[in-house]
2 protein chains.
Amino acid sequence: MDTALNLFNEKGLAQVSLRTIAESMRISPGNLTYHFKKREEIVEALYYEFVAEVEERFEEMNLSEIKLNLVFDLILMLTETRLKYRFLMRDFTTLIAENPSIKKHYVAVIKKRKSQSMGIFDHLIEQKILRPAELENEYEHLYERIQILGNFWITSALMQGNKMTNATVERNFEMVVQIMYPYLTNKGKREWERLT
Amino acid sequence: MDTALNLFNEKGLAQVSLRTIAESMRISPGNLTYHFKKREEIVEALYYEFVAEVEERFEEMNLSEIKLNLVFDLILMLTETRLKYRFLMRDFTTLIAENPSIKKHYVAVIKKRKSQSMGIFDHLIEQKILRPAELENEYEHLYERIQILGNFWITSALMQGNKMTNATVERNFEMVVQIMYPYLTNKGKREWERLT
DNA sequence: CTAAATATAGTACAAATGTACTAATAAATA
DNA sequence: TATTTATTAGTACATTTGTACTATATTTAG
């Protein structure tokens with residue numbers, strides 16, 4: 001799975017066949033199909049590994065006090081994990097089109113995350129770190145934008161030929177996280193100062 | 001090309017072979033390869049058709065006075081055109097990985113659009129419709145976010161199983177365009193009211 | 001009307017891919 | 001140690017796909 005992950009990240013899902021993986025591991029194709037009857041199984045296993053990793057790191061986070069840095073930490077954590085499994089992002093559409101199980105799971109996760117995020121936003125508004133909503137669905141839409149940006153900035157950067165150096169990652173993290181800034185109150189902005 | 005576009009949009013680039021297209025047109029595969037020597041040629045032709053369409057609609061737009069509605073119009077125009085050629089968005093990574101010509105063109109377009117957009121932002125700031133930047137690269141980052149959202153909201157919506165109804169499109173247009181709202185001055189917000 | 005061009009159909013071919021199958025080898029267990 | 005189980009290698013097969021090739025048919029032009 002490690003080898004497959006590296007190859008998928010490097011070349012993209014479609015460009016990596018069972019034989020490619022087997023060759024890279026210096027085992028026979030037959031051996032590989034013994035452990036993973038279907039190619040989909042490897043991909044699926046990697047997807048659920050990714051999900052588990054996000055879950056695990058989420059559990060580790062300090063949710064006792066919801067402050068602005070929690071949002072930072074969440075976005076950063078997701079950035080790092082998505083980066084590790086970036087082929088999933090890059091080929092997400094194909095993946096989901098071909099794998100109903102993953103699709104179902106993904107849709108459920110999105111829904112769950114959305115309600116969690118809305119909870120955090122509400123809390124931050126109560127604490128006067130975020131300003132109250134001025135438009136209909138304003139924070140729902142904000143969440144959706146963060147969601148899309150989080151999922152696709154890697155793809156977008158790769159498309160423009162950027163290598164995934166630390167500098168690239170930092171720059172893009174900043175680009176994503178700045179979406180929060182104009183919703184901050186003065187109190188929120190002071191906290192922002194401390195965080196950046 | 002019409003048939004190919006429809007099939008690509010419907011099933012995704014990878015799922016549509018030359019034979020699929022030929023069958024759907026009720027012509028022979030040989031006939032198709034006579035007109036398009038390579039499958040890539042069809043895809044490439046569609047990409048440049050898309051580019052031309054964006055260009056054309058851009059020319060048609062009234063650029064004489066830069067106001068907030070120009071930004072609305074631009075985003076709406078791009079939304080519609082991208083929707084028409086949505087397979088390009090959906091499979092953009094594959095496309096760009098496999099076609100250096102398209103990649104080169106895309107990277108150049110992004111760069112050009114960025115400087116155009118920055119010009120518009122500057123103008124709107126001068127007109128006190130947008131507030132001045134408070135952070136480093138604030139409007140550059142805003143542009144990049146709009147860029148990514150514009151490119152990928154369709155993909156994201158499709159991944160969640162949404163059909164591309166008018167309602168979906170409208171909802172997502174609102175979601176994208178609202179990213180501008182918190183940067184507006186009071187004057188800008190009054191203009192926003194008139195537009196929505 | 002005839003010749004040249006364009007268009008179409010049908011088929012063939014090589015390459016790649018997922019996967020199934022068989023035989024041999026290594027490891028575990030009783 | 002003997003035997004059962006797990007692992008590995010190697011190969012075979014069916015399918016798909018892009019594309020090339022050839023022979024007709026149709027259209028265009030002189």
# chains A, B, ... in the order shown; residues from 1 in each chain; ligands from 1

$ interface_residues --of "chain B" --to "chain C" --cutoff "8 Å" --atoms "only C-alpha atoms (C1' of nucleotides)" --output "count of residues only"
4

$ residues_around --residues "Thr185 (chain A)" --least-positions-apart "4" --cutoff "8 Å" --atoms "only C-alpha atoms (C1' of nucleotides)" --output "ChimeraX atom specification"
/A:128-131,189

$ interface_residues --of "chain B" --to "chain A" --cutoff "10 Å" --atoms "only C-alpha atoms" --output "NGL selection string"
:B and (11-15 or 90-97 or 103-104 or 106-108 or 110-111 or 134-135 or 137-149 or 151-153 or 155-161 or 171-172 or 174-184)

$ interface_residues --of "chain D" --to "chain B" --cutoff "10 Å" --atoms "only C-alpha atoms (C1' of nucleotides)" --output "PyMOL selection string"
chain D and resi 16-21

$ write_last_selection --atoms "all heavy atoms" --output "short mmCIF file (atom, residue, chain, number, x, y, z; two decimals), in the first residue's frame"
data_model
loop_
_atom_site.label_atom_id
_atom_site.label_comp_id
_atom_site.auth_asym_id
_atom_site.auth_seq_id
_atom_site.Cartn_x
_atom_site.Cartn_y
_atom_site.Cartn_z
P DT D 16 -15.12 -5.47 -23.60
OP1 DT D 16 -16.32 -5.04 -22.85
OP2 DT D 16 -15.24 -6.04 -24.97
"O5'" DT D 16 -14.12 -4.24 -23.65
"C5'" DT D 16 -13.39 -3.88 -22.49
"C4'" DT D 16 -12.31 -2.89 -22.86
"O4'" DT D 16 -11.16 -3.60 -23.40
"C3'" DT D 16 -12.74 -1.90 -23.94
"O3'" DT D 16 -12.54 -0.59 -23.43
"C2'" DT D 16 -11.85 -2.22 -25.13
"C1'" DT D 16 -10.64 -2.86 -24.47
N1 DT D 16 -9.85 -3.81 -25.31
C2 DT D 16 -8.48 -3.66 -25.37
O2 DT D 16 -7.88 -2.78 -24.78
N3 DT D 16 -7.83 -4.59 -26.14
C4 DT D 16 -8.40 -5.63 -26.85
O4 DT D 16 -7.71 -6.39 -27.51
C5 DT D 16 -9.83 -5.73 -26.75
C7 DT D 16 -10.55 -6.82 -27.48
C6 DT D 16 -10.49 -4.83 -25.99
P DT D 17 -13.10 0.68 -24.15
OP1 DT D 17 -13.61 1.60 -23.13
OP2 DT D 17 -13.98 0.22 -25.26
"O5'" DT D 17 -11.79 1.30 -24.77
"C5'" DT D 17 -10.59 1.35 -23.98
"C4'" DT D 17 -9.45 1.71 -24.88
"O4'" DT D 17 -8.93 0.49 -25.48
"C3'" DT D 17 -9.87 2.60 -26.04
"O3'" DT D 17 -9.23 3.85 -25.96
"C2'" DT D 17 -9.49 1.83 -27.30
"C1'" DT D 17 -8.52 0.79 -26.79
N1 DT D 17 -8.57 -0.48 -27.56
C2 DT D 17 -7.40 -1.03 -28.01
O2 DT D 17 -6.31 -0.53 -27.79
N3 DT D 17 -7.53 -2.19 -28.72
C4 DT D 17 -8.72 -2.85 -29.04
O4 DT D 17 -8.73 -3.88 -29.69
C5 DT D 17 -9.91 -2.20 -28.54
C7 DT D 17 -11.24 -2.82 -28.83
C6 DT D 17 -9.78 -1.07 -27.84
P DG D 18 -9.69 5.04 -26.92
OP1 DG D 18 -9.86 6.21 -26.05
OP2 DG D 18 -10.79 4.60 -27.79
"O5'" DG D 18 -8.39 5.26 -27.79
"C5'" DG D 18 -7.12 5.38 -27.17
"C4'" DG D 18 -6.03 5.12 -28.18
"O4'" DG D 18 -6.12 3.76 -28.64
"C3'" DG D 18 -6.12 6.00 -29.43
"O3'" DG D 18 -4.82 6.50 -29.75
"C2'" DG D 18 -6.67 5.07 -30.50
"C1'" DG D 18 -6.11 3.73 -30.05
N9 DG D 18 -6.93 2.57 -30.45
C8 DG D 18 -8.28 2.42 -30.29
N7 DG D 18 -8.73 1.27 -30.74
C5 DG D 18 -7.60 0.63 -31.24
C6 DG D 18 -7.47 -0.65 -31.85
O6 DG D 18 -8.35 -1.48 -32.09
N1 DG D 18 -6.15 -0.91 -32.19
C2 DG D 18 -5.10 -0.05 -31.97
N2 DG D 18 -3.90 -0.47 -32.38
N3 DG D 18 -5.21 1.14 -31.40
C4 DG D 18 -6.48 1.41 -31.06
P DT D 19 -4.66 7.55 -30.87
OP1 DT D 19 -3.41 8.28 -30.62
OP2 DT D 19 -5.92 8.29 -31.00
"O5'" DT D 19 -4.44 6.64 -32.15
"C5'" DT D 19 -3.39 5.69 -32.10
"C4'" DT D 19 -3.46 4.79 -33.29
"O4'" DT D 19 -4.59 3.88 -33.18
"C3'" DT D 19 -3.64 5.49 -34.65
"O3'" DT D 19 -2.56 5.12 -35.47
"C2'" DT D 19 -4.96 4.95 -35.18
"C1'" DT D 19 -4.99 3.59 -34.49
N1 DT D 19 -6.30 2.90 -34.44
C2 DT D 19 -6.39 1.62 -34.92
O2 DT D 19 -5.43 1.02 -35.38
N3 DT D 19 -7.63 1.04 -34.83
C4 DT D 19 -8.77 1.64 -34.33
O4 DT D 19 -9.83 1.02 -34.31
C5 DT D 19 -8.62 2.99 -33.84
C7 DT D 19 -9.79 3.72 -33.27
C6 DT D 19 -7.40 3.55 -33.92
P DA D 20 -2.18 6.01 -36.71
OP1 DA D 20 -0.94 6.74 -36.38
OP2 DA D 20 -3.36 6.74 -37.17
"O5'" DA D 20 -1.82 4.87 -37.76
"C5'" DA D 20 -1.23 3.66 -37.30
"C4'" DA D 20 -1.56 2.55 -38.28
"O4'" DA D 20 -2.88 2.03 -37.98
"C3'" DA D 20 -1.59 3.00 -39.74
"O3'" DA D 20 -0.84 2.07 -40.50
"C2'" DA D 20 -3.07 3.00 -40.10
"C1'" DA D 20 -3.64 1.95 -39.17
N9 DA D 20 -5.04 2.16 -38.79
C8 DA D 20 -5.60 3.28 -38.23
N7 DA D 20 -6.88 3.17 -37.98
C5 DA D 20 -7.19 1.89 -38.40
C6 DA D 20 -8.40 1.17 -38.42
N6 DA D 20 -9.57 1.65 -37.97
N1 DA D 20 -8.39 -0.08 -38.92
C2 DA D 20 -7.22 -0.56 -39.37
N3 DA D 20 -6.01 0.01 -39.41
C4 DA D 20 -6.08 1.25 -38.90
P DC D 21 -0.50 2.41 -42.03
OP1 DC D 21 0.90 2.00 -42.26
OP2 DC D 21 -0.93 3.80 -42.33
"O5'" DC D 21 -1.45 1.41 -42.83
"C5'" DC D 21 -1.71 0.12 -42.28
"C4'" DC D 21 -2.80 -0.54 -43.10
"O4'" DC D 21 -4.07 -0.26 -42.48
"C3'" DC D 21 -2.90 -0.03 -44.54
"O3'" DC D 21 -2.83 -1.15 -45.41
"C2'" DC D 21 -4.23 0.69 -44.60
"C1'" DC D 21 -5.02 0.03 -43.48
N1 DC D 21 -6.06 0.91 -42.86
C2 DC D 21 -7.35 0.41 -42.66
O2 DC D 21 -7.59 -0.75 -43.01
N3 DC D 21 -8.29 1.21 -42.09
C4 DC D 21 -7.98 2.45 -41.73
N4 DC D 21 -8.93 3.19 -41.17
C5 DC D 21 -6.67 2.99 -41.91
C6 DC D 21 -5.75 2.20 -42.48
#

$ select_by_dssp --residues "region 10-191 of chain A" --states "helix (DSSP H, G or I)" --output "number ranges by chain"
A: 10-11, 13-15, 18-25, 29-35, 39-60, 68-84, 86-90, 92-98, 100-126, 138-159, 166-183, 186-191

$ closest_residue --among "A:Leu88, A:Leu74, A:Ala22, A:Leu7" --to "Tyr47 (chain A)" --atoms "only C-alpha atoms"
A:Leu88

$ atom_distance --atom1 "CA of Leu32 (chain B)" --atom2 "C1' of DA29 (chain D)"
25.4 Å

$ decode --residues "region 3-18 of chain C" --atoms "all heavy atoms" --output "tab-separated table (two decimals), in the first residue's frame"
chain	number	residue	atom	x	y	z
C	3	DA	P	-12.10	9.16	-66.95
C	3	DA	OP1	-11.19	8.88	-68.09
C	3	DA	OP2	-12.80	8.05	-66.26
C	3	DA	O5'	-11.28	10.01	-65.87
C	3	DA	C5'	-10.79	11.32	-66.21
C	3	DA	C4'	-10.50	12.08	-64.93
C	3	DA	O4'	-11.75	12.40	-64.27
C	3	DA	C3'	-9.66	11.32	-63.92
C	3	DA	O3'	-8.76	12.24	-63.31
C	3	DA	C2'	-10.67	10.80	-62.92
C	3	DA	C1'	-11.72	11.92	-62.93
C	3	DA	N9	-13.08	11.48	-62.58
C	3	DA	C8	-13.69	10.31	-62.94
C	3	DA	N7	-14.92	10.20	-62.49
C	3	DA	C5	-15.12	11.38	-61.79
C	3	DA	C6	-16.21	11.89	-61.08
C	3	DA	N6	-17.37	11.24	-60.96
C	3	DA	N1	-16.08	13.11	-60.49
C	3	DA	C2	-14.92	13.76	-60.62
C	3	DA	N3	-13.81	13.39	-61.27
C	3	DA	C4	-13.98	12.18	-61.83
C	4	DA	P	-7.47	11.76	-62.67
C	4	DA	OP1	-6.31	12.23	-63.47
C	4	DA	OP2	-7.61	10.33	-62.33
C	4	DA	O5'	-7.52	12.62	-61.33
C	4	DA	C5'	-7.92	14.00	-61.41
C	4	DA	C4'	-8.60	14.38	-60.11
C	4	DA	O4'	-9.92	13.80	-60.05
C	4	DA	C3'	-7.86	13.93	-58.84
C	4	DA	O3'	-7.66	15.06	-58.03
C	4	DA	C2'	-8.82	12.92	-58.20
C	4	DA	C1'	-10.16	13.39	-58.72
C	4	DA	N9	-11.19	12.35	-58.77
C	4	DA	C8	-11.09	11.10	-59.34
C	4	DA	N7	-12.20	10.39	-59.24
C	4	DA	C5	-13.08	11.24	-58.58
C	4	DA	C6	-14.42	11.08	-58.19
C	4	DA	N6	-15.13	9.96	-58.42
C	4	DA	N1	-15.02	12.11	-57.54
C	4	DA	C2	-14.30	13.21	-57.33
C	4	DA	N3	-13.04	13.49	-57.65
C	4	DA	C4	-12.48	12.45	-58.29
C	5	DA	P	-6.75	15.01	-56.81
C	5	DA	OP1	-5.93	16.24	-56.78
C	5	DA	OP2	-6.12	13.66	-56.75
C	5	DA	O5'	-7.83	15.10	-55.63
C	5	DA	C5'	-8.57	16.33	-55.44
C	5	DA	C4'	-9.65	16.07	-54.41
C	5	DA	O4'	-10.63	15.19	-55.02
C	5	DA	C3'	-9.16	15.32	-53.18
C	5	DA	O3'	-8.69	16.15	-52.11
C	5	DA	C2'	-10.37	14.45	-52.77
C	5	DA	C1'	-11.24	14.41	-54.00
C	5	DA	N9	-11.40	13.05	-54.51
C	5	DA	C8	-10.45	12.23	-55.08
C	5	DA	N7	-10.91	11.05	-55.41
C	5	DA	C5	-12.26	11.10	-55.03
C	5	DA	C6	-13.30	10.16	-55.11
C	5	DA	N6	-13.14	8.94	-55.63
C	5	DA	N1	-14.51	10.53	-54.63
C	5	DA	C2	-14.66	11.75	-54.11
C	5	DA	N3	-13.75	12.71	-53.98
C	5	DA	C4	-12.56	12.32	-54.47
C	6	DT	P	-9.55	16.80	-51.04
C	6	DT	OP1	-10.02	18.13	-51.45
C	6	DT	OP2	-8.62	16.67	-49.96
C	6	DT	O5'	-10.84	15.90	-50.71
C	6	DT	C5'	-12.12	16.53	-50.72
C	6	DT	C4'	-13.17	15.61	-50.17
C	6	DT	O4'	-13.18	14.35	-50.88
C	6	DT	C3'	-13.01	15.25	-48.69
C	6	DT	O3'	-14.20	15.63	-48.02
C	6	DT	C2'	-12.78	13.74	-48.68
C	6	DT	C1'	-13.47	13.32	-49.98
C	6	DT	N1	-12.98	12.05	-50.60
C	6	DT	C2	-13.89	11.04	-50.86
C	6	DT	O2	-15.06	11.12	-50.60
C	6	DT	N3	-13.35	9.93	-51.44
C	6	DT	C4	-12.05	9.72	-51.80
C	6	DT	O4	-11.69	8.66	-52.34
C	6	DT	C5	-11.14	10.81	-51.51
C	6	DT	C7	-9.70	10.69	-51.85
C	6	DT	C6	-11.65	11.91	-50.92
C	7	DA	P	-14.36	15.47	-46.48
C	7	DA	OP1	-15.28	16.52	-46.00
C	7	DA	OP2	-13.04	15.29	-45.87
C	7	DA	O5'	-15.14	14.09	-46.42
C	7	DA	C5'	-16.41	14.00	-47.05
C	7	DA	C4'	-16.92	12.58	-46.94
C	7	DA	O4'	-16.04	11.69	-47.66
C	7	DA	C3'	-17.01	12.03	-45.51
C	7	DA	O3'	-18.35	11.60	-45.35
C	7	DA	C2'	-16.00	10.88	-45.47
C	7	DA	C1'	-15.95	10.47	-46.94
C	7	DA	N9	-14.73	9.84	-47.42
C	7	DA	C8	-13.46	10.35	-47.41
C	7	DA	N7	-12.55	9.56	-47.95
C	7	DA	C5	-13.28	8.45	-48.35
C	7	DA	C6	-12.91	7.25	-48.99
C	7	DA	N6	-11.66	6.98	-49.36
C	7	DA	N1	-13.88	6.35	-49.24
C	7	DA	C2	-15.14	6.63	-48.87
C	7	DA	N3	-15.61	7.73	-48.27
C	7	DA	C4	-14.62	8.60	-48.04
C	8	DT	P	-18.87	11.17	-43.94
C	8	DT	OP1	-20.31	11.49	-43.87
C	8	DT	OP2	-17.95	11.67	-42.90
C	8	DT	O5'	-18.73	9.59	-44.04
C	8	DT	C5'	-19.57	8.89	-44.95
C	8	DT	C4'	-19.19	7.43	-44.96
C	8	DT	O4'	-17.85	7.29	-45.50
C	8	DT	C3'	-19.14	6.75	-43.59
C	8	DT	O3'	-20.27	5.92	-43.49
C	8	DT	C2'	-17.82	5.97	-43.58
C	8	DT	C1'	-17.36	6.05	-45.02
C	8	DT	N1	-15.88	6.06	-45.23
C	8	DT	C2	-15.29	5.00	-45.89
C	8	DT	O2	-15.91	4.04	-46.30
C	8	DT	N3	-13.93	5.11	-46.04
C	8	DT	C4	-13.12	6.15	-45.63
C	8	DT	O4	-11.92	6.13	-45.83
C	8	DT	C5	-13.81	7.22	-44.95
C	8	DT	C7	-13.03	8.40	-44.44
C	8	DT	C6	-15.14	7.13	-44.78
C	9	DA	P	-20.54	5.11	-42.16
C	9	DA	OP1	-22.00	4.91	-42.06
C	9	DA	OP2	-19.79	5.70	-41.05
C	9	DA	O5'	-19.88	3.72	-42.58
C	9	DA	C5'	-20.19	3.16	-43.85
C	9	DA	C4'	-19.48	1.83	-44.00
C	9	DA	O4'	-18.09	2.05	-44.33
C	9	DA	C3'	-19.50	0.94	-42.77
C	9	DA	O3'	-19.99	-0.34	-43.15
C	9	DA	C2'	-18.05	0.90	-42.29
C	9	DA	C1'	-17.27	1.20	-43.56
C	9	DA	N9	-16.02	1.95	-43.37
C	9	DA	C8	-15.86	3.12	-42.67
C	9	DA	N7	-14.62	3.58	-42.70
C	9	DA	C5	-13.93	2.65	-43.45
C	9	DA	C6	-12.57	2.56	-43.84
C	9	DA	N6	-11.66	3.48	-43.51
C	9	DA	N1	-12.20	1.50	-44.60
C	9	DA	C2	-13.13	0.59	-44.92
C	9	DA	N3	-14.44	0.57	-44.61
C	9	DA	C4	-14.78	1.64	-43.87
C	10	DG	P	-20.33	-1.44	-42.10
C	10	DG	OP1	-21.43	-2.24	-42.62
C	10	DG	OP2	-20.41	-0.80	-40.77
C	10	DG	O5'	-19.01	-2.33	-42.14
C	10	DG	C5'	-18.42	-2.63	-43.40
C	10	DG	C4'	-17.07	-3.27	-43.18
C	10	DG	O4'	-16.06	-2.23	-43.04
C	10	DG	C3'	-16.98	-4.12	-41.90
C	10	DG	O3'	-16.58	-5.42	-42.27
C	10	DG	C2'	-15.97	-3.40	-41.03
C	10	DG	C1'	-15.13	-2.63	-42.05
C	10	DG	N9	-14.48	-1.44	-41.53
C	10	DG	C8	-15.02	-0.48	-40.70
C	10	DG	N7	-14.17	0.47	-40.38
C	10	DG	C5	-13.00	0.12	-41.06
C	10	DG	C6	-11.73	0.77	-41.11
C	10	DG	O6	-11.40	1.83	-40.55
C	10	DG	N1	-10.83	0.08	-41.90
C	10	DG	C2	-11.10	-1.09	-42.57
C	10	DG	N2	-10.11	-1.62	-43.28
C	10	DG	N3	-12.28	-1.72	-42.53
C	10	DG	C4	-13.17	-1.05	-41.76
C	11	DT	P	-16.43	-6.59	-41.20
C	11	DT	OP1	-16.90	-7.85	-41.79
C	11	DT	OP2	-17.00	-6.10	-39.92
C	11	DT	O5'	-14.86	-6.67	-41.05
C	11	DT	C5'	-14.05	-6.50	-42.23
C	11	DT	C4'	-12.61	-6.29	-41.83
C	11	DT	O4'	-12.40	-4.93	-41.37
C	11	DT	C3'	-12.12	-7.20	-40.68
C	11	DT	O3'	-11.02	-7.94	-41.15
C	11	DT	C2'	-11.76	-6.23	-39.57
C	11	DT	C1'	-11.43	-4.96	-40.35
C	11	DT	N1	-11.51	-3.70	-39.60
C	11	DT	C2	-10.41	-2.86	-39.56
C	11	DT	O2	-9.36	-3.13	-40.12
C	11	DT	N3	-10.56	-1.71	-38.84
C	11	DT	C4	-11.70	-1.31	-38.17
C	11	DT	O4	-11.72	-0.24	-37.56
C	11	DT	C5	-12.82	-2.20	-38.24
C	11	DT	C7	-14.09	-1.86	-37.54
C	11	DT	C6	-12.67	-3.35	-38.94
C	12	DA	P	-10.41	-9.11	-40.29
C	12	DA	OP1	-10.38	-10.31	-41.13
C	12	DA	OP2	-11.07	-9.14	-38.96
C	12	DA	O5'	-8.92	-8.59	-40.10
C	12	DA	C5'	-8.36	-7.66	-41.04
C	12	DA	C4'	-7.11	-7.06	-40.44
C	12	DA	O4'	-7.43	-5.82	-39.78
C	12	DA	C3'	-6.44	-7.96	-39.39
C	12	DA	O3'	-5.04	-7.95	-39.62
C	12	DA	C2'	-6.83	-7.31	-38.07
C	12	DA	C1'	-6.95	-5.84	-38.45
C	12	DA	N9	-7.89	-5.06	-37.63
C	12	DA	C8	-9.17	-5.40	-37.28
C	12	DA	N7	-9.78	-4.48	-36.56
C	12	DA	C5	-8.83	-3.48	-36.44
C	12	DA	C6	-8.86	-2.23	-35.79
C	12	DA	N6	-9.92	-1.76	-35.13
C	12	DA	N1	-7.75	-1.46	-35.85
C	12	DA	C2	-6.69	-1.94	-36.52
C	12	DA	N3	-6.55	-3.10	-37.16
C	12	DA	C4	-7.66	-3.82	-37.09
C	13	DC	P	-4.09	-8.95	-38.83
C	13	DC	OP1	-3.12	-9.45	-39.80
C	13	DC	OP2	-4.94	-9.88	-38.04
C	13	DC	O5'	-3.33	-7.97	-37.83
C	13	DC	C5'	-2.93	-6.67	-38.30
C	13	DC	C4'	-2.30	-5.91	-37.16
C	13	DC	O4'	-3.30	-5.06	-36.54
C	13	DC	C3'	-1.75	-6.81	-36.05
C	13	DC	O3'	-0.51	-6.30	-35.62
C	13	DC	C2'	-2.81	-6.71	-34.96
C	13	DC	C1'	-3.28	-5.28	-35.14
C	13	DC	N1	-4.65	-5.00	-34.61
C	13	DC	C2	-4.89	-3.77	-33.98
C	13	DC	O2	-3.99	-2.95	-33.88
C	13	DC	N3	-6.14	-3.54	-33.49
C	13	DC	C4	-7.10	-4.44	-33.62
C	13	DC	N4	-8.31	-4.15	-33.13
C	13	DC	C5	-6.86	-5.70	-34.26
C	13	DC	C6	-5.63	-5.93	-34.74
C	14	DA	P	0.54	-7.28	-34.94
C	14	DA	OP1	1.48	-7.75	-35.96
C	14	DA	OP2	-0.22	-8.27	-34.11
C	14	DA	O5'	1.27	-6.28	-33.97
C	14	DA	C5'	1.33	-4.87	-34.28
C	14	DA	C4'	1.15	-4.08	-33.00
C	14	DA	O4'	-0.26	-3.95	-32.69
C	14	DA	C3'	1.81	-4.70	-31.77
C	14	DA	O3'	2.48	-3.68	-31.06
C	14	DA	C2'	0.65	-5.28	-30.99
C	14	DA	C1'	-0.46	-4.30	-31.32
C	14	DA	N9	-1.83	-4.83	-31.21
C	14	DA	C8	-2.28	-6.06	-31.62
C	14	DA	N7	-3.57	-6.24	-31.41
C	14	DA	C5	-3.98	-5.05	-30.84
C	14	DA	C6	-5.24	-4.60	-30.38
C	14	DA	N6	-6.35	-5.34	-30.45
C	14	DA	N1	-5.32	-3.35	-29.86
C	14	DA	C2	-4.19	-2.62	-29.81
C	14	DA	N3	-2.96	-2.93	-30.20
C	14	DA	C4	-2.92	-4.17	-30.70
C	15	DA	P	3.53	-4.04	-29.95
C	15	DA	OP1	4.79	-3.34	-30.29
C	15	DA	OP2	3.51	-5.51	-29.73
C	15	DA	O5'	2.91	-3.33	-28.68
C	15	DA	C5'	2.35	-2.02	-28.82
C	15	DA	C4'	1.44	-1.76	-27.65
C	15	DA	O4'	0.15	-2.39	-27.88
C	15	DA	C3'	1.96	-2.33	-26.33
C	15	DA	O3'	2.08	-1.27	-25.39
C	15	DA	C2'	0.91	-3.36	-25.91
C	15	DA	C1'	-0.32	-2.93	-26.68
C	15	DA	N9	-1.23	-4.02	-27.04
C	15	DA	C8	-0.92	-5.20	-27.66
C	15	DA	N7	-1.96	-5.98	-27.85
C	15	DA	C5	-3.02	-5.26	-27.34
C	15	DA	C6	-4.40	-5.53	-27.25
C	15	DA	N6	-4.95	-6.66	-27.69
C	15	DA	N1	-5.20	-4.59	-26.68
C	15	DA	C2	-4.64	-3.47	-26.22
C	15	DA	N3	-3.35	-3.10	-26.26
C	15	DA	C4	-2.59	-4.04	-26.84
C	16	DA	P	2.61	-1.57	-23.95
C	16	DA	OP1	3.44	-0.42	-23.57
C	16	DA	OP2	3.14	-2.96	-23.91
C	16	DA	O5'	1.27	-1.53	-23.11
C	16	DA	C5'	0.33	-0.49	-23.35
C	16	DA	C4'	-0.88	-0.75	-22.48
C	16	DA	O4'	-1.69	-1.77	-23.10
C	16	DA	C3'	-0.54	-1.24	-21.08
C	16	DA	O3'	-1.27	-0.47	-20.15
C	16	DA	C2'	-0.96	-2.71	-21.09
C	16	DA	C1'	-2.06	-2.72	-22.13
C	16	DA	N9	-2.23	-4.00	-22.83
C	16	DA	C8	-1.26	-4.79	-23.39
C	16	DA	N7	-1.74	-5.88	-23.96
C	16	DA	C5	-3.11	-5.79	-23.76
C	16	DA	C6	-4.18	-6.64	-24.13
C	16	DA	N6	-4.02	-7.77	-24.80
C	16	DA	N1	-5.43	-6.25	-23.77
C	16	DA	C2	-5.58	-5.11	-23.08
C	16	DA	N3	-4.65	-4.23	-22.69
C	16	DA	C4	-3.43	-4.64	-23.06
C	17	DT	P	-0.97	-0.58	-18.63
C	17	DT	OP1	-0.91	0.80	-18.13
C	17	DT	OP2	0.13	-1.53	-18.40
C	17	DT	O5'	-2.30	-1.24	-18.09
C	17	DT	C5'	-3.56	-0.88	-18.67
C	17	DT	C4'	-4.57	-1.89	-18.21
C	17	DT	O4'	-4.58	-2.99	-19.15
C	17	DT	C3'	-4.24	-2.49	-16.85
C	17	DT	O3'	-5.24	-2.17	-15.92
C	17	DT	C2'	-4.15	-3.99	-17.10
C	17	DT	C1'	-4.84	-4.16	-18.43
C	17	DT	N1	-4.32	-5.32	-19.23
C	17	DT	C2	-5.23	-6.21	-19.74
C	17	DT	O2	-6.42	-6.12	-19.56
C	17	DT	N3	-4.67	-7.25	-20.46
C	17	DT	C4	-3.32	-7.46	-20.70
C	17	DT	O4	-2.93	-8.42	-21.36
C	17	DT	C5	-2.43	-6.47	-20.14
C	17	DT	C7	-0.95	-6.60	-20.34
C	17	DT	C6	-2.97	-5.46	-19.45
C	18	DG	P	-4.98	-2.44	-14.39
C	18	DG	OP1	-5.30	-1.18	-13.69
C	18	DG	OP2	-3.67	-3.07	-14.17
C	18	DG	O5'	-6.12	-3.49	-14.07
C	18	DG	C5'	-7.45	-3.21	-14.49
C	18	DG	C4'	-8.24	-4.49	-14.49
C	18	DG	O4'	-7.70	-5.38	-15.50
C	18	DG	C3'	-8.20	-5.26	-13.17
C	18	DG	O3'	-9.52	-5.71	-12.88
C	18	DG	C2'	-7.23	-6.40	-13.44
C	18	DG	C1'	-7.46	-6.65	-14.92
C	18	DG	N9	-6.31	-7.22	-15.63
C	18	DG	C8	-5.01	-6.79	-15.58
C	18	DG	N7	-4.21	-7.50	-16.34
C	18	DG	C5	-5.03	-8.45	-16.91
C	18	DG	C6	-4.71	-9.49	-17.82
C	18	DG	O6	-3.62	-9.79	-18.32
C	18	DG	N1	-5.84	-10.24	-18.15
C	18	DG	C2	-7.10	-10.00	-17.67
C	18	DG	N2	-8.06	-10.81	-18.10
C	18	DG	N3	-7.40	-9.03	-16.83
C	18	DG	C4	-6.32	-8.29	-16.49
